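*Asks:* This is entry01.cif, which holds mmCIF, C-alpha atoms:
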```
data_work
#
loop_
_atom_site.label_atom_id
_atom_site.label_comp_id
_atom_site.auth_asym_id
_atom_site.auth_seq_id
_atom_site.Cartn_x
_atom_site.Cartn_y
_atom_site.Cartn_z
CA MET A 1124 0.00 0.00 0.00
CA LYS A 1125 1.33 3.43 -0.97
CA GLU A 1126 0.24 7.02 -0.44
CA PRO A 1127 1.88 9.36 -2.96
CA MET A 1128 1.58 13.12 -2.90
CA LEU A 1129 0.35 14.72 -6.12
CA GLY A 1130 1.34 18.29 -5.35
CA SER A 1131 1.55 19.38 -8.98
CA ASN A 1132 -2.25 19.39 -9.29
CA PRO A 1133 -3.67 22.30 -7.24
CA HIS A 1134 -6.98 20.66 -6.31
CA VAL A 1135 -5.61 17.24 -5.36
CA GLY A 1136 -4.06 16.57 -2.00
CA ARG A 1137 -3.01 13.09 -0.97
CA VAL A 1138 -4.14 10.26 -3.25
CA TYR A 1139 -4.26 6.85 -1.60
CA TYR A 1140 -4.01 3.64 -3.55
CA VAL A 1141 -3.44 -0.05 -2.96
CA GLU A 1142 -1.19 -2.01 -5.26
CA ARG A 1143 -0.58 -5.76 -5.35
CA GLY A 1144 1.03 -8.17 -7.79
CA ARG A 1145 3.34 -7.84 -10.78
CA GLY A 1146 2.96 -7.87 -14.55
CA LEU A 1147 0.38 -6.10 -16.67
CA PRO A 1148 -0.90 -3.01 -14.80
CA VAL A 1149 -4.67 -3.21 -14.25
CA VAL A 1150 -6.26 -0.12 -12.69
CA LEU A 1151 -9.72 -0.37 -11.10
CA LEU A 1152 -11.84 2.71 -10.31
CA HIS A 1153 -14.69 2.68 -7.82
CA GLY A 1154 -18.15 4.20 -8.18
CA PHE A 1155 -20.16 6.73 -6.15
CA PRO A 1156 -20.28 7.28 -3.18
CA LEU A 1157 -17.76 4.52 -2.62
CA ASP A 1158 -14.02 3.90 -2.46
CA GLY A 1159 -11.43 1.33 -3.49
CA ARG A 1160 -12.60 -1.26 -0.98
CA ILE A 1161 -15.29 -2.39 -3.42
CA TRP A 1162 -12.48 -4.11 -5.36
CA ASP A 1163 -11.05 -6.14 -2.45
CA ALA A 1164 -12.10 -9.45 -4.03
CA GLN A 1165 -10.49 -8.54 -7.35
CA LEU A 1166 -7.33 -7.29 -5.66
CA GLY A 1167 -6.93 -10.61 -3.91
CA ALA A 1168 -7.89 -12.89 -6.78
CA LEU A 1169 -6.21 -11.24 -9.78
CA SER A 1170 -2.90 -10.12 -8.29
CA ASP A 1171 -1.41 -13.58 -8.81
CA ARG A 1172 -0.88 -12.70 -12.49
CA PHE A 1173 -1.42 -8.96 -12.78
CA ARG A 1174 -0.30 -5.72 -11.15
CA ILE A 1175 -3.60 -4.59 -9.65
CA ILE A 1176 -3.81 -0.90 -8.73
CA VAL A 1177 -6.86 0.38 -6.82
CA PRO A 1178 -6.96 4.12 -6.08
CA ASP A 1179 -9.37 6.07 -3.96
CA LEU A 1180 -10.40 8.88 -6.30
CA PRO A 1181 -9.79 12.41 -4.92
CA GLY A 1182 -12.04 13.09 -1.94
CA PHE A 1183 -13.13 9.45 -1.54
CA GLY A 1184 -11.86 6.92 0.98
CA ARG A 1185 -8.43 7.94 2.24
CA SER A 1186 -7.76 10.46 -0.53
CA SER A 1187 -8.25 14.17 0.01
CA VAL A 1188 -9.52 16.99 -2.18
CA ASP A 1189 -9.57 20.76 -1.74
CA ARG A 1190 -11.83 21.98 -4.57
CA PRO A 1191 -14.73 20.79 -6.72
CA PHE A 1192 -13.80 18.35 -9.48
CA THR A 1193 -15.20 17.19 -12.80
CA ILE A 1194 -15.20 13.77 -14.43
CA ALA A 1195 -12.54 15.05 -16.83
CA SER A 1196 -10.38 16.41 -14.01
CA LEU A 1197 -10.58 13.05 -12.21
CA ALA A 1198 -9.17 11.48 -15.39
CA ASP A 1199 -6.33 14.02 -15.30
CA ASP A 1200 -5.67 13.29 -11.63
CA LEU A 1201 -5.56 9.58 -12.35
CA ARG A 1202 -3.06 10.08 -15.15
CA GLN A 1203 -0.75 12.00 -12.81
CA LEU A 1204 -0.85 9.08 -10.41
CA LEU A 1205 -0.22 6.45 -13.11
CA VAL A 1206 2.70 8.42 -14.53
CA GLN A 1207 4.14 8.84 -11.05
CA ILE A 1208 4.01 5.13 -10.24
CA GLN A 1209 5.07 4.06 -13.76
CA ALA A 1210 1.88 2.13 -14.47
CA LEU A 1211 1.43 3.09 -18.13
CA PRO A 1212 0.36 1.64 -20.46
CA CYS A 1213 -2.33 -0.21 -18.54
CA VAL A 1214 -5.77 -1.77 -18.71
CA LEU A 1215 -8.26 0.60 -17.09
CA GLY A 1216 -11.55 -0.49 -15.56
CA GLY A 1217 -14.25 1.46 -13.79
CA LEU A 1218 -17.58 0.76 -12.11
CA SER A 1219 -20.44 3.23 -12.61
CA MET A 1220 -18.89 6.67 -11.94
CA GLY A 1221 -15.50 4.99 -12.35
CA GLY A 1222 -16.67 4.01 -15.81
CA TYR A 1223 -17.41 7.67 -16.57
CA VAL A 1224 -13.85 8.52 -15.55
CA SER A 1225 -12.52 5.63 -17.66
CA LEU A 1226 -14.36 6.89 -20.75
CA ALA A 1227 -13.07 10.41 -20.15
CA TYR A 1228 -9.57 9.00 -19.75
CA ILE A 1229 -9.53 7.03 -23.00
CA THR A 1230 -10.88 10.05 -24.86
CA LYS A 1231 -8.09 12.30 -23.51
CA TYR A 1232 -5.22 9.80 -23.34
CA PRO A 1233 -5.97 6.94 -25.78
CA SER A 1234 -2.33 5.88 -26.18
CA ASP A 1235 -2.07 5.20 -22.43
CA LEU A 1236 -4.44 2.25 -22.51
CA LEU A 1237 -4.05 -1.30 -23.74
CA GLY A 1238 -7.61 -2.25 -22.81
CA LEU A 1239 -10.77 -0.93 -21.21
CA MET A 1240 -13.30 -2.45 -18.81
CA LEU A 1241 -16.65 -0.76 -18.23
CA ILE A 1242 -18.49 -2.28 -15.29
CA ASP A 1243 -22.14 -1.42 -14.59
CA SER A 1244 -21.75 1.94 -16.30
CA ARG A 1245 -23.06 3.96 -19.23
CA ALA A 1246 -21.83 6.38 -21.90
CA GLU A 1247 -24.83 8.73 -21.99
CA ALA A 1248 -24.91 12.07 -20.18
CA ASP A 1249 -27.58 12.70 -17.56
CA THR A 1250 -31.09 13.36 -18.81
CA PRO A 1251 -32.84 16.55 -17.60
CA GLU A 1252 -34.72 14.45 -15.05
CA ALA A 1253 -31.49 12.86 -13.81
CA LYS A 1254 -29.90 16.31 -13.48
CA GLN A 1255 -32.82 17.44 -11.33
CA ASN A 1256 -32.41 14.36 -9.14
CA ARG A 1257 -28.70 15.15 -8.71
CA ASP A 1258 -29.60 18.68 -7.60
CA LYS A 1259 -32.09 17.31 -5.06
CA MET A 1260 -29.44 14.94 -3.72
CA ILE A 1261 -26.97 17.83 -3.38
CA GLN A 1262 -29.45 19.72 -1.23
CA LEU A 1263 -30.17 16.56 0.77
CA VAL A 1264 -26.54 15.81 1.57
CA ARG A 1265 -25.95 19.42 2.58
CA THR A 1266 -28.75 19.26 5.15
CA ALA A 1267 -28.80 15.61 6.24
CA GLY A 1268 -25.41 14.06 5.43
CA ALA A 1269 -24.23 10.85 3.82
CA LYS A 1270 -26.70 8.54 5.55
CA ALA A 1271 -29.59 10.37 3.88
CA ILE A 1272 -27.99 9.54 0.53
CA ALA A 1273 -27.18 5.93 1.41
CA ASP A 1274 -30.66 5.02 2.70
CA PRO A 1275 -32.58 5.41 -0.59
CA MET A 1276 -29.63 4.57 -2.82
CA LEU A 1277 -28.50 1.28 -1.29
CA PRO A 1278 -31.49 -0.84 -2.43
CA LYS A 1279 -30.96 0.36 -6.01
CA LEU A 1280 -27.34 -0.78 -5.99
CA LEU A 1281 -28.05 -4.42 -5.18
CA ALA A 1282 -30.07 -7.29 -6.56
CA PRO A 1283 -33.45 -7.77 -4.84
CA ALA A 1284 -32.32 -10.87 -2.95
CA ALA A 1285 -29.00 -9.36 -1.82
CA ASP A 1286 -30.04 -9.33 1.85
CA GLN A 1287 -30.39 -13.12 1.74
CA ARG A 1288 -27.48 -13.90 -0.59
CA ASN A 1289 -24.88 -11.48 0.76
CA PRO A 1290 -25.85 -9.87 4.08
CA GLY A 1291 -22.20 -9.09 4.82
CA VAL A 1292 -21.82 -7.31 1.51
CA VAL A 1293 -24.90 -5.17 2.21
CA ALA A 1294 -23.55 -4.10 5.59
CA HIS A 1295 -20.07 -3.40 4.21
CA LEU A 1296 -21.45 -1.37 1.33
CA ARG A 1297 -23.57 0.73 3.69
CA GLN A 1298 -20.54 1.41 5.88
CA ILE A 1299 -18.51 2.60 2.88
CA MET A 1300 -21.33 4.86 1.66
CA GLU A 1301 -22.03 6.44 5.03
CA ALA A 1302 -18.31 7.18 5.52
CA CYS A 1303 -18.13 9.29 2.35
CA PRO A 1304 -17.61 12.99 3.23
CA ARG A 1305 -20.54 15.33 2.58
CA ARG A 1306 -18.41 17.67 0.47
CA THR A 1307 -17.15 14.83 -1.72
CA ILE A 1308 -20.72 13.63 -2.31
CA GLU A 1309 -21.72 17.14 -3.35
CA PHE A 1310 -18.73 17.52 -5.68
CA ALA A 1311 -19.31 14.10 -7.25
CA LEU A 1312 -23.03 14.68 -7.82
CA ALA A 1313 -22.25 17.94 -9.63
CA ALA A 1314 -19.49 16.26 -11.65
CA MET A 1315 -21.80 13.45 -12.78
CA ARG A 1316 -24.64 15.90 -13.49
CA ASP A 1317 -22.41 18.00 -15.75
CA ARG A 1318 -20.45 15.23 -17.48
CA ARG A 1319 -20.38 15.16 -21.26
CA ASP A 1320 -22.10 12.58 -23.44
CA CYS A 1321 -19.49 9.98 -24.42
CA CYS A 1322 -21.68 8.12 -26.93
CA PRO A 1323 -20.08 9.88 -29.93
CA ASP A 1324 -16.66 8.72 -28.70
CA LEU A 1325 -17.47 5.01 -28.54
CA PRO A 1326 -16.69 4.14 -32.19
CA SER A 1327 -13.20 5.63 -31.78
CA ILE A 1328 -12.24 3.32 -28.91
CA ALA A 1329 -9.55 1.21 -30.54
CA VAL A 1330 -8.56 -1.08 -27.66
CA PRO A 1331 -10.22 -4.36 -26.62
CA THR A 1332 -13.11 -3.58 -24.27
CA LEU A 1333 -14.93 -5.71 -21.73
CA ILE A 1334 -18.39 -4.54 -20.68
CA ILE A 1335 -19.78 -6.14 -17.52
CA ALA A 1336 -23.36 -5.71 -16.32
CA GLY A 1337 -25.42 -7.25 -13.56
CA GLU A 1338 -28.40 -9.21 -14.83
CA GLU A 1339 -30.60 -7.49 -12.23
CA ASP A 1340 -29.01 -4.03 -12.41
CA VAL A 1341 -31.78 -1.42 -12.45
CA LEU A 1342 -29.42 1.58 -12.74
CA THR A 1343 -27.43 0.43 -15.77
CA PRO A 1344 -29.34 -2.59 -17.10
CA PRO A 1345 -27.88 -5.14 -19.53
CA ALA A 1346 -29.55 -3.40 -22.47
CA LEU A 1347 -27.18 -0.47 -21.98
CA ALA A 1348 -24.19 -2.80 -21.98
CA HIS A 1349 -25.24 -4.36 -25.26
CA ALA A 1350 -25.92 -0.92 -26.77
CA MET A 1351 -22.40 0.25 -25.88
CA ALA A 1352 -20.88 -2.93 -27.26
CA LYS A 1353 -22.53 -2.31 -30.63
CA GLU A 1354 -20.74 1.05 -30.86
CA ILE A 1355 -17.28 -0.01 -29.62
CA PRO A 1356 -15.38 -1.90 -32.36
CA HIS A 1357 -13.66 -4.53 -30.18
CA ALA A 1358 -16.12 -5.00 -27.33
CA LYS A 1359 -17.31 -8.07 -25.47
CA VAL A 1360 -20.23 -8.20 -23.04
CA SER A 1361 -20.41 -10.32 -19.90
CA ILE A 1362 -23.75 -10.39 -18.07
CA ILE A 1363 -23.40 -11.47 -14.44
CA PRO A 1364 -26.32 -13.56 -13.11
CA GLU A 1365 -27.86 -12.91 -9.69
CA SER A 1366 -26.32 -9.47 -9.42
CA GLY A 1367 -27.39 -5.85 -9.39
CA HIS A 1368 -25.23 -2.76 -9.88
CA MET A 1369 -22.42 -3.89 -7.57
CA THR A 1370 -21.23 -6.94 -9.51
CA PRO A 1371 -17.64 -6.96 -8.11
CA MET A 1372 -19.03 -7.30 -4.58
CA GLU A 1373 -22.21 -9.29 -5.22
CA GLN A 1374 -20.69 -11.92 -7.53
CA PRO A 1375 -16.92 -11.58 -7.17
CA ASP A 1376 -16.06 -15.05 -8.49
CA ARG A 1377 -17.99 -14.50 -11.71
CA VAL A 1378 -16.55 -11.03 -12.21
CA ASN A 1379 -13.05 -12.29 -11.49
CA ALA A 1380 -13.47 -15.05 -14.06
CA ALA A 1381 -14.71 -12.62 -16.71
CA MET A 1382 -11.83 -10.25 -16.04
CA ARG A 1383 -9.24 -13.00 -15.95
CA GLU A 1384 -10.39 -14.35 -19.31
CA PHE A 1385 -10.28 -10.85 -20.81
CA LEU A 1386 -6.88 -9.95 -19.34
CA ALA A 1387 -5.31 -13.22 -20.44
CA HIS A 1388 -5.20 -11.93 -24.03
CA PHE A 1389 -2.77 -9.13 -23.15
CA PRO A 1390 1.01 -9.55 -22.82
CA GLN A 1391 2.01 -10.04 -19.22
CA GLN A 1392 4.52 -7.21 -19.43
CA PRO A 1393 3.33 -4.11 -21.29
CA PRO A 1394 5.39 -2.81 -24.18
CA PRO A 1395 7.85 0.02 -23.38
CA THR A 1396 6.55 3.57 -23.62
#
```
Starting from the file, lay out its structure as structure tokens.
*Replies:*
Amino acid sequence: MKEPMLGSNPHVGRVYYVERGRGLPVVLLHGFPLDGRIWDAQLGALSDRFRIIVPDLPGFGRSSVDRPFTIASLADDLRQLLVQIQALPCVLGGLSMGGYVSLAYITKYPSDLLGLMLIDSRAEADTPEAKQNRDKMIQLVRTAGAKAIADPMLPKLLAPAADQRNPGVVAHLRQIMEACPRRTIEFALAAMRDRRDCCPDLPSIAVPTLIIAGEEDVLTPPALAHAMAKEIPHAKVSIIPESGHMTPMEQPDRVNAAMREFLAHFPQQPPPT
């Protein structure tokens, strides 16, 4: 585990990340309002063959932030980290909001990536209704804190039977959500509300792409995964049974298997930059 300082970027303080394993760098980005702990199962299972790098995005988990951020600025912050720790080129994967950052990253820095993984995410910008909901959530977190965000959001993140299948996962996910700072939640909601539509960029993605979706995901249903795959030239879809939006936590073995099969096609050591 390492905690580098990224002092060259004025709105980023300390960025915390966990790194394990050697070989092909594989970077995994968490969603909202979460942190890198959602990838614990992947960190443990995939680091036997790959260099797994799991950051807490600025303001989340153990990372700090001083100013509001955008999805594009999070991609810039990530690049500073990956340059600093010599993890380029890499395969980049992101869940939900992490997928938004991943799409922004490949648009800005396409030569950095060998492959892309989009997990329970989407390319479209927010609809007007979704923007209004973000604004309501911003007001809610300002007045009532993270728990008021977690309470209505948690059931939407998980498959209907999650309480019976994975009660420990439900409790752990709630703990992560309720620990997210109010200011970070506000910044992230605004960043997601104002993010650009990445649909026009999909046909230009030149690297192999794995799209994972939970079969029971109500936030980013499988239909969205298949729609993205039709636009990305070298895309493969993996639908995870008995899972909602949080596939890496709800069905870690199935997600690990899908990722391992995808990553096996890349050279174990990336080519020199």
*Asks:* Can you work out which one of A:Met1220, A:Ala1387, A:Leu1166, A:Leu1239 has the shortest atom-to-atom distance to A:Ala1313, counting all atoms listed in the file?
*Replies:*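 Smallest separation from A:Ala1313 among the options: A:Met1220.
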*Asks:* Please determine, counting all atoms listed in the file, which residue among A:Glu1309, A:Asp1158, A:Asp1179, A:Asp1320 has the shortest atom-to-atom distance to A:Ala1227.
*Replies:*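 The shortest atom-to-atom distance to A:Ala1227 comes from A:Asp1320.
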*Asks:* Could you give me, as a list in words, the residues within 9 Å of A:Met1315, counting all atoms listed in the file and dropping anything in the same chain fewer than 2 positions from it?
*Replies:*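 Neighbouring residues, sequence-local ones excluded: Thr1193, Ile1194, Met1220, Tyr1223, Ala1248, Asp1249, Lys1254, Arg1257, Phe1310, Ala1311, Leu1312, Ala1313, Asp1317, Arg1318 and Arg1319 of chain A.
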*Asks:* Can you give me, as an NGL selection string, the residues this file yields under the PyMOL selection byres ((chain A and resi 1339) around 12)?
*Replies:* :A and (1243 or 1278-1285 or 1336-1338 or 1340-1346 or 1362-1370 or 1373-1374)
*Asks:* Just the number, please: distance in Å from atom CA of A:Leu1147 to atom CA of A:Gln1391, one decimal.
*Replies:*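 Taking atom CA of A:Leu1147 as the start and atom CA of A:Gln1391 as the end point, the length is 5.0 Å.
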*Asks:* Which residue gives the smallest distance to A:Asp1235 among A:Thr1332, A:Asn1289, A:Val1214, A:Ser1187, with all atoms listed in the file counted?
*Replies:* A:Val1214
*Asks:* Report, in Å to a single decimal, how far apart atom CA of A:Ile1355 and atom CA of A:Phe1389 are.
*Replies:*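 Atom-to-atom, atom CA of A:Phe1389 to atom CA of A:Ile1355, that is 18.3 Å.
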*Asks:* A:Ala1267, A:Met1372, A:Met1240, A:Ile1272: which is nearest A:Val1292, counting all atoms listed in the file?
*Replies:*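 Of A:Ala1267, A:Met1372, A:Met1240, A:Ile1272, the one nearest A:Val1292, counting all atoms listed in the file, is A:Met1372.
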*Asks:* Apply the PyMOL selection byres ((chain A and resi 1386) around 12) to the displayed file and report the matching residues as number ranges by chain.
*Replies:* A: 1146-1150, 1169-1170, 1172-1175, 1213-1216, 1237-1240, 1331-1333, 1379-1385, 1387-1393
*Asks:* Go through A:Lys1270, A:Arg1137, A:Lys1259, A:Lys1359 one by one, measure the shortest atom-to-atom distance of each to A:Ala1302 using only C-alpha atoms, and give the residue with the smallest value.
*Replies:*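 Checking each of A:Lys1270, A:Arg1137, A:Lys1259, A:Lys1359 against A:Ala1302, counting only C-alpha atoms, the winner is A:Lys1270.
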*Asks:* Choose the residue, out of A:Met1351, A:His1153, A:Pro1191, A:Ala1246, that has the smallest atom-to-atom separation from A:Thr1230; count all atoms listed in the file.
*Replies:* A:Ala1246
*Asks:* Just give me the gap between atom CA of A:Glu1354 and atom CA of A:Leu1151 in Å, one decimal is fine.
*Replies:*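 Computing it gives 22.7 Å between the two atoms.
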*Asks:* What's the 8 Å shell around A:Pro1304, counting only C-alpha atoms, without same-chain residues fewer than 5 positions away, as a list in words?
*Replies:*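 The contact residues come out as Gly1182, Phe1183 and Ala1269 of chain A.
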*Asks:* Evaluate the PyMOL selection byres ((chain A and resi 1271) around 12) and record the selected residues as a PyMOL selection string, following the chain and residue labels used in the document.
*Replies:* chain A and resi 1259-1270+1272-1277+1297+1300-1303+1305+1308
*Asks:* Take the residues that were just selected and, keeping C-alpha atoms, output them as a PDB file, in the frame of the given file.
*Replies:*
```
ATOM      1  CA  LYS A1259     -32.090  17.310  -5.060  1.00  0.00           C
ATOM      2  CA  MET A1260     -29.440  14.940  -3.720  1.00  0.00           C
ATOM      3  CA  ILE A1261     -26.970  17.830  -3.380  1.00  0.00           C
ATOM      4  CA  GLN A1262     -29.450  19.720  -1.230  1.00  0.00           C
ATOM      5  CA  LEU A1263     -30.170  16.560   0.770  1.00  0.00           C
ATOM      6  CA  VAL A1264     -26.540  15.810   1.570  1.00  0.00           C
ATOM      7  CA  ARG A1265     -25.950  19.420   2.580  1.00  0.00           C
ATOM      8  CA  THR A1266     -28.750  19.260   5.150  1.00  0.00           C
ATOM      9  CA  ALA A1267     -28.800  15.610   6.240  1.00  0.00           C
ATOM     10  CA  GLY A1268     -25.410  14.060   5.430  1.00  0.00           C
ATOM     11  CA  ALA A1269     -24.230  10.850   3.820  1.00  0.00           C
ATOM     12  CA  LYS A1270     -26.700   8.540   5.550  1.00  0.00           C
ATOM     13  CA  ILE A1272     -27.990   9.540   0.530  1.00  0.00           C
ATOM     14  CA  ALA A1273     -27.180   5.930   1.410  1.00  0.00           C
ATOM     15  CA  ASP A1274     -30.660   5.020   2.700  1.00  0.00           C
ATOM     16  CA  PRO A1275     -32.580   5.410  -0.590  1.00  0.00           C
ATOM     17  CA  MET A1276     -29.630   4.570  -2.820  1.00  0.00           C
ATOM     18  CA  LEU A1277     -28.500   1.280  -1.290  1.00  0.00           C
ATOM     19  CA  ARG A1297     -23.570   0.730   3.690  1.00  0.00           C
ATOM     20  CA  MET A1300     -21.330   4.860   1.660  1.00  0.00           C
ATOM     21  CA  GLU A1301     -22.030   6.440   5.030  1.00  0.00           C
ATOM     22  CA  ALA A1302     -18.310   7.180   5.520  1.00  0.00           C
ATOM     23  CA  CYS A1303     -18.130   9.290   2.350  1.00  0.00           C
ATOM     24  CA  ARG A1305     -20.540  15.330   2.580  1.00  0.00           C
ATOM     25  CA  ILE A1308     -20.720  13.630  -2.310  1.00  0.00           C
TER      26      ILE A1308
END
```
